[in-house]
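Colleague: Here you go, run28.txt (compact mmCIF, C-alpha atoms):
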# COMPACT_ATOMS: atom_id res chain seq x y z
CA MET Q 1056 28.78 -91.57 -79.97
CA ASN Q 1057 29.32 -87.82 -80.36
CA LYS Q 1058 31.63 -85.65 -78.28
CA PRO Q 1059 29.03 -84.40 -75.73
CA GLU Q 1060 27.90 -87.98 -75.09
CA LEU Q 1061 31.51 -89.10 -74.62
CA MET Q 1062 32.09 -86.29 -72.13
CA LEU Q 1063 28.91 -87.19 -70.25
CA SER Q 1064 29.91 -90.86 -70.10
CA LYS Q 1065 33.40 -89.92 -68.90
CA ASN Q 1066 32.01 -87.67 -66.16
CA ARG Q 1067 29.62 -90.42 -65.07
CA TRP Q 1068 32.50 -92.88 -64.63
CA ILE Q 1069 34.51 -90.32 -62.67
CA ILE Q 1070 31.56 -89.86 -60.31
CA PHE Q 1071 31.25 -93.62 -59.81
CA ILE Q 1072 34.98 -93.95 -59.07
CA LEU Q 1073 34.78 -91.16 -56.51
CA TRP Q 1074 31.73 -92.80 -54.91
CA TRP Q 1075 33.52 -96.16 -54.82
CA THR Q 1076 36.61 -94.64 -53.19
CA PHE Q 1077 34.56 -92.78 -50.59
CA LEU Q 1078 32.47 -95.82 -49.64
CA ALA Q 1079 35.49 -98.15 -49.53
CA VAL Q 1080 37.48 -95.82 -47.26
CA VAL Q 1081 34.57 -95.19 -44.87
CA HIS Q 1082 33.58 -98.87 -44.75
CA SER Q 1083 37.14 -99.97 -44.11
CA ALA Q 1084 37.65 -97.37 -41.39
CA VAL Q 1085 34.49 -98.53 -39.58
CA LEU Q 1086 35.57 -102.18 -39.64
CA VAL Q 1087 39.06 -101.33 -38.35
CA TRP Q 1088 37.42 -99.28 -35.58
CA LEU Q 1089 35.31 -102.37 -34.69
CA GLY Q 1090 38.51 -104.39 -34.22
CA PHE Q 1091 38.86 -106.36 -37.44
CA SER Q 1092 42.20 -106.79 -39.15
CA TYR Q 1093 43.27 -104.59 -42.05
CA ARG Q 1094 43.04 -107.56 -44.42
CA ILE Q 1095 39.44 -108.36 -43.50
CA SER Q 1096 38.48 -104.68 -43.46
CA PHE Q 1097 40.07 -104.19 -46.90
CA ILE Q 1098 38.33 -107.19 -48.49
CA ASP Q 1099 34.93 -106.36 -46.95
CA SER Q 1100 35.12 -102.70 -47.97
CA ILE Q 1101 36.20 -103.50 -51.53
CA VAL Q 1102 33.41 -106.07 -52.03
CA SER Q 1103 30.70 -103.96 -50.40
CA ALA Q 1104 31.66 -100.69 -52.13
CA THR Q 1105 31.99 -102.42 -55.52
CA LEU Q 1106 28.55 -104.02 -55.29
CA ILE Q 1107 26.87 -100.83 -54.10
CA VAL Q 1108 28.46 -98.72 -56.84
CA LEU Q 1109 27.62 -101.42 -59.39
CA CYS Q 1110 23.98 -101.17 -58.32
CA GLY Q 1111 24.24 -97.41 -58.69
CA HIS Q 1112 25.59 -97.87 -62.23
CA VAL Q 1113 22.68 -100.18 -63.06
CA THR Q 1114 20.28 -97.57 -61.68
CA SER Q 1115 21.94 -94.85 -63.72
CA ASN Q 1116 21.57 -96.78 -66.96
CA PHE Q 1117 18.01 -97.77 -66.06
CA TYR Q 1118 16.88 -94.15 -65.66
CA ARG Q 1119 18.68 -93.09 -68.81
CA PHE Q 1120 16.19 -95.11 -70.84
CA TYR Q 1121 13.11 -95.12 -68.61
CA GLN Q 1122 11.55 -92.23 -66.71
CA PRO Q 1123 8.59 -93.30 -64.53
CA GLY Q 1124 5.75 -90.80 -64.40
CA LYS Q 1125 4.33 -89.17 -61.30
CA THR Q 1126 1.81 -91.99 -60.95
CA ASN Q 1127 4.60 -94.62 -60.94
CA ARG Q 1128 6.37 -93.69 -57.70
CA PHE Q 1129 5.62 -97.19 -56.38
CA TYR Q 1130 7.71 -98.74 -59.14
CA ARG Q 1131 10.70 -96.55 -58.23
CA LEU Q 1132 10.39 -97.69 -54.60
CA LEU Q 1133 10.02 -101.33 -55.63
CA TRP Q 1134 13.03 -101.04 -57.93
CA GLY Q 1135 15.18 -99.58 -55.12
CA LEU Q 1136 14.14 -102.28 -52.63
CA ALA Q 1137 14.74 -105.09 -55.13
CA LEU Q 1138 18.16 -103.72 -56.02
CA THR Q 1139 19.08 -103.35 -52.34
CA VAL Q 1140 18.04 -106.94 -51.54
CA ALA Q 1141 20.11 -108.18 -54.48
CA CYS Q 1142 23.08 -106.08 -53.39
CA VAL Q 1143 23.01 -107.34 -49.76
CA ALA Q 1144 22.52 -110.94 -50.86
CA ALA Q 1145 25.51 -110.63 -53.16
CA GLN Q 1146 27.58 -109.13 -50.31
CA ARG Q 1147 26.65 -111.97 -47.98
CA TYR Q 1148 27.38 -114.71 -50.50
CA THR Q 1149 30.67 -113.20 -51.66
CA LEU Q 1150 32.02 -112.34 -48.21
CA LEU Q 1151 31.09 -115.71 -46.67
CA TYR Q 1152 32.75 -117.47 -49.60
CA LEU Q 1153 35.95 -115.42 -49.33
CA MET Q 1154 36.07 -115.63 -45.53
CA LYS Q 1155 34.75 -119.14 -44.98
CA TYR Q 1156 37.59 -119.96 -42.59
CA GLU Q 1157 36.95 -116.89 -40.42
CA ALA Q 1158 34.26 -118.13 -38.02
CA SER Q 1159 33.94 -114.93 -35.96
CA TYR Q 1160 33.79 -112.79 -39.10
CA SER Q 1161 31.15 -115.05 -40.67
CA THR Q 1162 29.00 -114.53 -37.59
CA PHE Q 1163 29.52 -110.78 -37.87
CA VAL Q 1164 28.42 -110.82 -41.51
CA GLU Q 1165 25.18 -112.61 -40.62
CA GLN Q 1166 24.47 -110.26 -37.72
CA SER Q 1167 25.28 -107.15 -39.76
CA LEU Q 1168 22.87 -107.92 -42.62
CA PRO Q 1169 20.11 -105.54 -41.33
CA VAL Q 1170 22.66 -102.74 -41.01
CA ARG Q 1171 24.11 -103.54 -44.42
CA PHE Q 1172 20.60 -103.52 -45.86
CA LEU Q 1173 19.76 -100.09 -44.41
CA PHE Q 1174 23.11 -98.63 -45.43
CA SER Q 1175 22.87 -100.03 -48.97
CA LEU Q 1176 19.25 -98.89 -49.25
CA LEU Q 1177 20.23 -95.37 -48.18
CA ILE Q 1178 23.12 -95.17 -50.64
CA ILE Q 1179 21.20 -96.71 -53.54
CA ALA Q 1180 18.17 -94.50 -52.83
CA PHE Q 1181 20.39 -91.44 -52.82
CA MET Q 1182 22.11 -92.46 -56.06
CA THR Q 1183 18.72 -93.26 -57.57
CA LEU Q 1184 17.40 -89.83 -56.62
CA ILE Q 1185 20.45 -88.04 -58.01
CA THR Q 1186 20.36 -90.04 -61.24
CA TRP Q 1187 16.62 -89.54 -61.72
CA LEU Q 1188 16.85 -85.81 -61.00
CA SER Q 1189 19.76 -85.50 -63.43
CA ALA Q 1190 17.81 -87.29 -66.15
CA TYR Q 1191 14.71 -85.20 -65.39
CA TRP Q 1192 16.79 -82.00 -65.59
CA ARG Q 1193 18.24 -83.04 -68.95
CA GLU Q 1194 14.76 -83.81 -70.23
CA GLN Q 1195 13.51 -80.38 -69.11
CA GLN Q 1196 16.51 -78.74 -70.79
CA GLU Q 1197 15.73 -80.57 -74.03
CA LYS Q 1198 12.07 -79.51 -73.80
CA GLU Q 1199 13.10 -75.91 -73.23
CA ALA Q 1200 15.50 -76.08 -76.19
CA ARG Q 1201 12.73 -77.49 -78.38
CA LYS Q 1202 10.37 -74.76 -77.15
CA VAL Q 1203 12.90 -72.01 -77.94
CA SER Q 1204 13.56 -73.57 -81.34
CA ALA Q 1205 9.83 -73.67 -82.08
CA GLU Q 1206 9.40 -70.05 -80.95
CA ASN Q 1207 12.31 -68.96 -83.16
CA PHE Q 1208 10.78 -70.85 -86.07
CA VAL Q 1209 7.43 -69.13 -85.52
CA LYS Q 1210 9.15 -65.74 -85.24
CA GLU Q 1211 11.09 -66.33 -88.47
CA ALA Q 1212 7.92 -67.47 -90.20
CA GLU Q 1213 6.07 -64.33 -89.10
CA LEU Q 1214 8.95 -62.12 -90.23
CA ALA Q 1215 8.90 -63.85 -93.61
CA ARG Q 1216 5.13 -63.36 -93.80
CA LEU Q 1217 5.51 -59.64 -93.07
CA ARG Q 1218 8.07 -59.33 -95.85
CA LEU Q 1219 5.87 -61.23 -98.26
CA GLN Q 1220 3.00 -58.87 -97.39
CA LEU Q 1221 5.18 -55.79 -97.79
CA GLN Q 1222 6.47 -56.57 -101.28
CA PRO Q 1223 3.07 -57.09 -103.00
CA HIS Q 1224 1.73 -54.07 -101.11
CA PHE Q 1225 4.43 -51.81 -102.59
CA LEU Q 1226 4.40 -53.56 -105.98
CA PHE Q 1227 0.65 -53.05 -106.34
CA ASN Q 1228 0.97 -49.30 -105.75
CA SER Q 1229 3.91 -49.00 -108.15
CA LEU Q 1230 2.19 -50.94 -110.94
CA ASN Q 1231 -0.84 -48.70 -110.64
CA SER Q 1232 1.44 -45.71 -111.13
CA VAL Q 1233 3.14 -47.35 -114.14
CA ASN Q 1234 -0.28 -47.99 -115.64
CA ALA Q 1235 -1.19 -44.32 -115.21
CA LEU Q 1236 2.06 -43.19 -116.85
CA ILE Q 1237 2.01 -45.51 -119.86
CA GLY Q 1238 -0.44 -43.39 -121.84
CA ALA Q 1239 0.62 -39.94 -120.66
CA ASN Q 1240 4.39 -40.37 -120.46
CA PRO Q 1241 5.78 -43.65 -121.86
CA ALA Q 1242 9.39 -42.61 -121.26
CA GLU Q 1243 8.77 -42.03 -117.56
CA ALA Q 1244 6.85 -45.30 -117.38
CA ARG Q 1245 9.84 -47.19 -118.82
CA LYS Q 1246 12.15 -45.42 -116.37
CA MET Q 1247 9.90 -46.34 -113.48
CA ILE Q 1248 9.78 -49.99 -114.57
CA GLN Q 1249 13.59 -50.09 -114.65
CA GLU Q 1250 13.82 -48.52 -111.19
CA LEU Q 1251 11.20 -50.93 -109.92
CA SER Q 1252 13.14 -53.86 -111.38
CA ASP Q 1253 16.34 -52.75 -109.60
CA PHE Q 1254 14.45 -52.24 -106.35
CA MET Q 1255 12.78 -55.66 -106.40
CA ARG Q 1256 16.04 -57.38 -107.37
CA MET Q 1257 17.74 -55.93 -104.31
CA THR Q 1258 14.72 -56.79 -102.17
CA LEU Q 1259 14.95 -60.45 -103.13
CA ARG Q 1260 18.52 -60.60 -101.86
CA LYS Q 1261 17.60 -59.33 -98.40
CA ASP Q 1262 16.67 -61.27 -95.29
CA ASP Q 1263 16.13 -60.21 -91.69
CA GLN Q 1264 19.81 -60.22 -90.77
CA LEU Q 1265 20.91 -56.75 -89.72
CA ILE Q 1266 22.62 -54.62 -92.37
CA LEU Q 1267 24.56 -51.36 -92.36
CA PHE Q 1268 22.50 -48.18 -92.25
CA SER Q 1269 24.44 -46.99 -95.32
CA GLU Q 1270 23.16 -50.05 -97.26
CA GLU Q 1271 19.62 -49.32 -96.14
CA LEU Q 1272 19.97 -45.72 -97.33
CA ASN Q 1273 21.14 -46.94 -100.77
CA HIS Q 1274 18.14 -49.21 -100.93
CA LEU Q 1275 15.85 -46.39 -99.85
CA GLN Q 1276 17.24 -44.22 -102.63
CA LEU Q 1277 16.09 -46.77 -105.23
CA TYR Q 1278 12.59 -46.57 -103.79
CA LEU Q 1279 12.68 -42.77 -103.80
CA ASN Q 1280 13.75 -42.77 -107.46
CA ILE Q 1281 10.54 -44.65 -108.23
CA GLU Q 1282 8.43 -42.26 -106.21
CA LYS Q 1283 10.04 -39.23 -107.87
CA VAL Q 1284 8.98 -40.62 -111.24
CA ARG Q 1285 5.44 -40.82 -109.90
CA PHE Q 1286 5.29 -37.39 -108.28
CA GLY Q 1287 8.01 -35.42 -110.08
CA HIS Q 1288 9.01 -32.06 -108.64
CA ARG Q 1289 6.21 -32.18 -106.05
CA LEU Q 1290 8.23 -34.57 -103.89
CA GLU Q 1291 11.32 -33.33 -102.10
CA ILE Q 1292 13.26 -35.65 -99.82
CA ILE Q 1293 15.83 -34.39 -97.32
CA ILE Q 1294 18.08 -36.99 -95.73
CA GLU Q 1295 20.37 -35.92 -92.90
CA VAL Q 1296 22.41 -38.68 -91.27
CA GLU Q 1297 25.35 -38.38 -88.91
CA GLU Q 1298 28.41 -39.98 -90.46
CA GLU Q 1299 29.01 -42.36 -87.55
CA CYS Q 1300 25.44 -43.66 -87.83
CA LYS Q 1301 26.10 -45.06 -91.30
CA ARG Q 1302 28.01 -47.92 -89.62
CA PHE Q 1303 25.09 -48.75 -87.35
CA LEU Q 1304 22.92 -51.78 -87.99
CA LEU Q 1305 19.21 -52.17 -88.61
CA PRO Q 1306 16.81 -54.66 -90.21
CA PRO Q 1307 16.67 -54.40 -94.02
CA LEU Q 1308 13.71 -52.71 -95.73
CA LEU Q 1309 12.76 -50.93 -92.51
CA LEU Q 1310 12.69 -47.39 -93.86
CA GLN Q 1311 10.80 -48.02 -97.10
CA PRO Q 1312 7.35 -48.60 -95.51
CA ILE Q 1313 7.92 -45.64 -93.16
CA VAL Q 1314 8.79 -43.29 -96.01
CA GLU Q 1315 5.95 -44.75 -98.11
CA ASN Q 1316 3.59 -43.95 -95.26
CA ALA Q 1317 4.99 -40.40 -95.10
CA ILE Q 1318 4.51 -39.93 -98.86
CA LYS Q 1319 0.98 -41.29 -98.68
CA PHE Q 1320 -0.13 -38.91 -95.93
CA GLY Q 1321 1.93 -36.01 -97.26
CA LEU Q 1322 1.12 -36.09 -100.99
CA TYR Q 1323 -2.08 -37.99 -101.67
CA ASN Q 1324 -4.45 -35.21 -100.59
CA THR Q 1325 -2.67 -32.14 -101.88
CA THR Q 1326 -1.39 -30.70 -105.14
CA GLU Q 1327 1.32 -28.65 -103.43
CA ASN Q 1328 4.99 -29.48 -103.13
CA VAL Q 1329 5.74 -31.60 -100.12
CA GLU Q 1330 8.98 -31.93 -98.18
CA ILE Q 1331 9.70 -35.19 -96.35
CA LYS Q 1332 12.67 -35.25 -94.01
CA VAL Q 1333 14.60 -38.28 -92.76
CA THR Q 1334 17.23 -37.80 -90.06
CA GLY Q 1335 19.49 -40.33 -88.42
CA LYS Q 1336 21.55 -39.79 -85.28
CA ASN Q 1337 23.17 -41.54 -82.39
CA LYS Q 1338 21.01 -41.42 -79.30
CA ASN Q 1339 22.62 -43.01 -76.24
CA GLY Q 1340 24.25 -45.72 -78.33
CA MET Q 1341 21.14 -46.46 -80.36
CA LEU Q 1342 20.27 -45.45 -83.90
CA GLU Q 1343 17.42 -42.96 -83.88
CA ILE Q 1344 15.66 -42.39 -87.21
CA ILE Q 1345 13.05 -39.64 -87.45
CA THR Q 1346 10.78 -39.24 -90.46
CA GLU Q 1347 8.70 -36.08 -90.78
CA ASN Q 1348 5.97 -35.26 -93.27
CA PRO Q 1349 3.20 -32.66 -93.44
CA PHE Q 1350 -0.39 -33.81 -93.28
CA ASP Q 1351 -3.88 -32.40 -93.45
CA ASP Q 1352 -5.80 -33.47 -90.35
CA ASN Q 1353 -9.06 -32.79 -92.20
CA SER Q 1354 -8.32 -35.22 -95.05
CA SER Q 1355 -9.87 -38.66 -95.21
CA SER Q 1356 -6.54 -40.50 -95.30
CA ALA Q 1357 -5.35 -38.76 -92.15
CA GLN Q 1358 -8.22 -40.34 -90.24
CA LYS Q 1359 -7.22 -43.90 -91.12
CA GLY Q 1360 -4.34 -44.26 -88.68
CA THR Q 1361 -0.88 -45.60 -89.39
CA GLY Q 1362 -1.98 -48.37 -91.76
CA PHE Q 1363 -0.07 -51.47 -92.80
CA GLY Q 1364 3.35 -49.80 -93.19
CA LEU Q 1365 3.93 -48.64 -89.62
CA SER Q 1366 2.20 -51.63 -88.06
CA SER Q 1367 4.47 -54.02 -89.98
CA VAL Q 1368 7.56 -52.07 -88.88
CA GLN Q 1369 6.45 -52.12 -85.26
CA ARG Q 1370 5.80 -55.85 -85.38
CA ARG Q 1371 9.18 -56.57 -86.98
CA LEU Q 1372 10.98 -54.54 -84.32
CA GLN Q 1373 9.11 -56.37 -81.58
CA LEU Q 1374 9.98 -59.78 -83.06
CA LEU Q 1375 13.64 -58.94 -83.65
CA PHE Q 1376 14.42 -57.05 -80.44
CA GLY Q 1377 11.70 -58.20 -78.04
CA ARG Q 1378 10.53 -54.64 -77.33
CA ASN Q 1379 7.37 -52.77 -78.24
CA ASP Q 1380 8.62 -49.25 -77.46
CA LEU Q 1381 10.95 -48.82 -80.44
CA LEU Q 1382 8.46 -47.03 -82.72
CA LYS Q 1383 6.61 -43.89 -81.73
CA THR Q 1384 4.48 -41.42 -83.67
CA SER Q 1385 3.56 -37.85 -82.81
CA GLU Q 1386 1.89 -34.82 -84.37
CA ARG Q 1387 2.80 -31.18 -84.01
CA GLU Q 1388 1.79 -28.16 -86.09
CA ARG Q 1389 0.44 -30.35 -88.92
CA ILE Q 1390 3.73 -32.32 -89.04
CA PHE Q 1391 3.50 -36.08 -88.57
CA GLN Q 1392 6.65 -37.53 -87.01
CA THR Q 1393 7.68 -41.19 -86.89
CA THR Q 1394 10.57 -42.09 -84.59
CA ILE Q 1395 12.24 -45.49 -84.43
CA LEU Q 1396 15.06 -46.60 -82.16
CA ILE Q 1397 17.36 -49.49 -83.11
CA PRO Q 1398 19.39 -51.15 -80.32
CA GLN Q 1399 22.62 -52.22 -81.91
CA LYS Q 1400 26.26 -52.94 -82.30
CA THR Q 1401 28.53 -51.28 -84.79
CA LYS Q 1402 29.85 -53.10 -87.83
CA ASN Q 1403 33.36 -52.09 -88.86
The structure given in the file should be rewritten as C-alpha cells.

Modeller:
Amino acid sequence: MNKPELMLSKNRWIIFILWWTFLAVVHSAVLVWLGFSYRISFIDSIVSATLIVLCGHVTSNFYRFYQPGKTNRFYRLLWGLALTVACVAAQRYTLLYLMKYEASYSTFVEQSLPVRFLFSLLIIAFMTLITWLSAYWREQQEKEARKVSAENFVKEAELARLRLQLQPHFLFNSLNSVNALIGANPAEARKMIQELSDFMRMTLRKDDQLILFSEELNHLQLYLNIEKVRFGHRLEIIIEVEEECKRFLLPPLLLQPIVENAIKFGLYNTTENVEIKVTGKNKNGMLEIITENPFDDNSSSAQKGTGFGLSSVQRRLQLLFGRNDLLKTSERERIFQTTILIPQKTKN
C-alpha cells in the first residue's frame, strides 16, 4: 500500500471513530433523559453505535470496489434496507442477551425496535450517500486526470510532428542549395555542408522545453551562416536584442522558420541586396520578437500567404501557451513584419 492509500485509510478510520463517538454520546444522553441508569445507557449506546458504525464501514468498503450505475438505484436501496435490518436485529439480540435480567429494559428494547430501525436506516443511508459520493468524486478525479494526461500526450505528439515536419522542410531547401553549389563553387558547398551538419546536430539535441533567448540566437546564427553561403553578400541580417531579454525563455527553433520565411519573401524574387532585421525587447514582462523583411507585393511568392513556417510557429505557440494571439503579421511600405510575444519567466 503506497503513502496516499495509507493516508486515505487513516483518514477513513478517524472519520469512523468520530462518528462512533458522536452516536454513542447522543444515544447515551437520550437514554439517560428517558430515565435509564448510566450503566444501561452506556451499554446500549456502545452496542448500538458500534453496530451502526460497523455497518457504515461495511458500506464504505462495498462502494470502494463496486459502483452501481444510474440504472441500479434499486440495488443501493435494497442494500441499505438489508444492512439496516441486520443492524437492528444484531442490536436486539445483543442487548437482550446482555440485559436478560432487566425486565423493564427488555420491554423497552422490543418497543423501540421501529425507532431503532428508522434511526439506523437514516444514519446508514447518510453514510452510504457520503461514501458513494466520495467514491464517485474520486472516480471523476481519476477520469479528469486521465483526460488531461491524454490531452498532454496528444499535444506533445503534435509538437513532435511539427518538429519532424520542420527539419525535413529546411533540410530539403539546404540540400538543393548544396547541389547548386557543388559544380560552381565546391569550397562553398563543403562549407555549407559543415554548417548544415552543425545546425542539424544542435537541432537533434533540442526538445520543446523552454530555452534561453541567448541560446536560440546562437542556434539562429548557425542557420544564418548556411543562408549566407547560399546568398553571399546579398543577404544582410541585423539583430538588435536588449541585454535583459537574453535571459528570457522561449521554445527552441522558434526563430529559424520565421527568419527562413523572411528570407524567402525577401530574396527569392529579387537580385538586389536585402536587409532582414530581428529585434528583441521586453514588452510588459513578455519577450517581443519582431522580424522585418522587404517584399514585392506583385511577386508570385508574396501571394501565397505565410506558408508552413509561420503556421507551424503559430501552432506551437498555441499548444505550448494555450493562446492564439501570440503571432501577428502586418505590412507597411513594402515591409513585411512578423511579431511574436512569449509569455515567460526569467532564467538566472

Colleague: Taking only C-alpha atoms into account, which of Q:Asp1351, Q:Glu1199, Q:Glu1297, Q:Glu1243 comes nearest Q:Glu1388?

Modeller: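 The answer is Q:Asp1351, which sits nearest to Q:Glu1388.
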
Colleague: Out of Q:Ser1100, Q:Leu1109, Q:Trp1075, Q:Ile1397, which residue has the shortest atom-to-atom distance to Q:Val1087 when counting all atoms listed in the file?

Modeller: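 That would be Q:Ser1100, the residue with the smallest distance to Q:Val1087.
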
Colleague: Looking at Q:Glu1165, Q:His1288, Q:Leu1151, Q:Pro1312, which one is nearest to Q:Leu1226, with distances taken over all atoms listed in the file?

Modeller: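 Residue with the minimum atom-to-atom distance to Q:Leu1226: Q:Pro1312.
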
Colleague: Around (4.1, -51.9, -110.1) in the file's own coordinates, what residues are found within 12 Å if you use all atoms listed in the file, given back as number ranges by chain?

Modeller: Q: 1222-1237, 1244-1245, 1247-1252, 1254-1255, 1278, 1281-1282, 1285

Colleague: Residues at most 7 Å from stretch 1372-1381 of chain Q, counting all atoms listed in the file, excluding those fewer than 2 positions away in the same chain, as a PyMOL selection string?

Modeller: chain Q and resi 1210+1368-1370+1383+1395-1397

Colleague: Applying 7 Å and all atoms listed in the file, which residues near Q:Leu1305 remain after dropping the ones on its own chain fewer than 6 positions away? List them as a list in words.

Modeller: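 Near neighbours after the sequence-gap exclusion: Leu1265, Ile1266, Leu1267, Phe1268 and Ile1397 of chain Q.
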
Colleague: Could you check how far atom CA of Q:Lys1283 sits from atom CA of Q:Thr1384, in Å to one decimal?

Modeller: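 We find that atom CA of Q:Lys1283 and atom CA of Q:Thr1384 lie 24.9 Å from each other.
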
Colleague: Give me, please, the distance in Å between atom CA of Q:Leu1089 and atom CA of Q:Ile1072, quoted to one decimal.

Modeller: 25.8 Å

Colleague: Between atom CA of Q:Leu1073 and atom CA of Q:Gln1166, what is the distance in Å, rounded to a tenth?

Modeller: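 Result for atom CA of Q:Leu1073 versus atom CA of Q:Gln1166: 28.7 Å, one decimal.
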
Colleague: Nearest to Q:Pro1307 among Q:Ser1269, Q:Thr1162, Q:Asn1240, Q:Asn1116, with distances taken over only C-alpha atoms: which residue is it?

Modeller: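 Smallest distance to Q:Pro1307 is found for Q:Ser1269.
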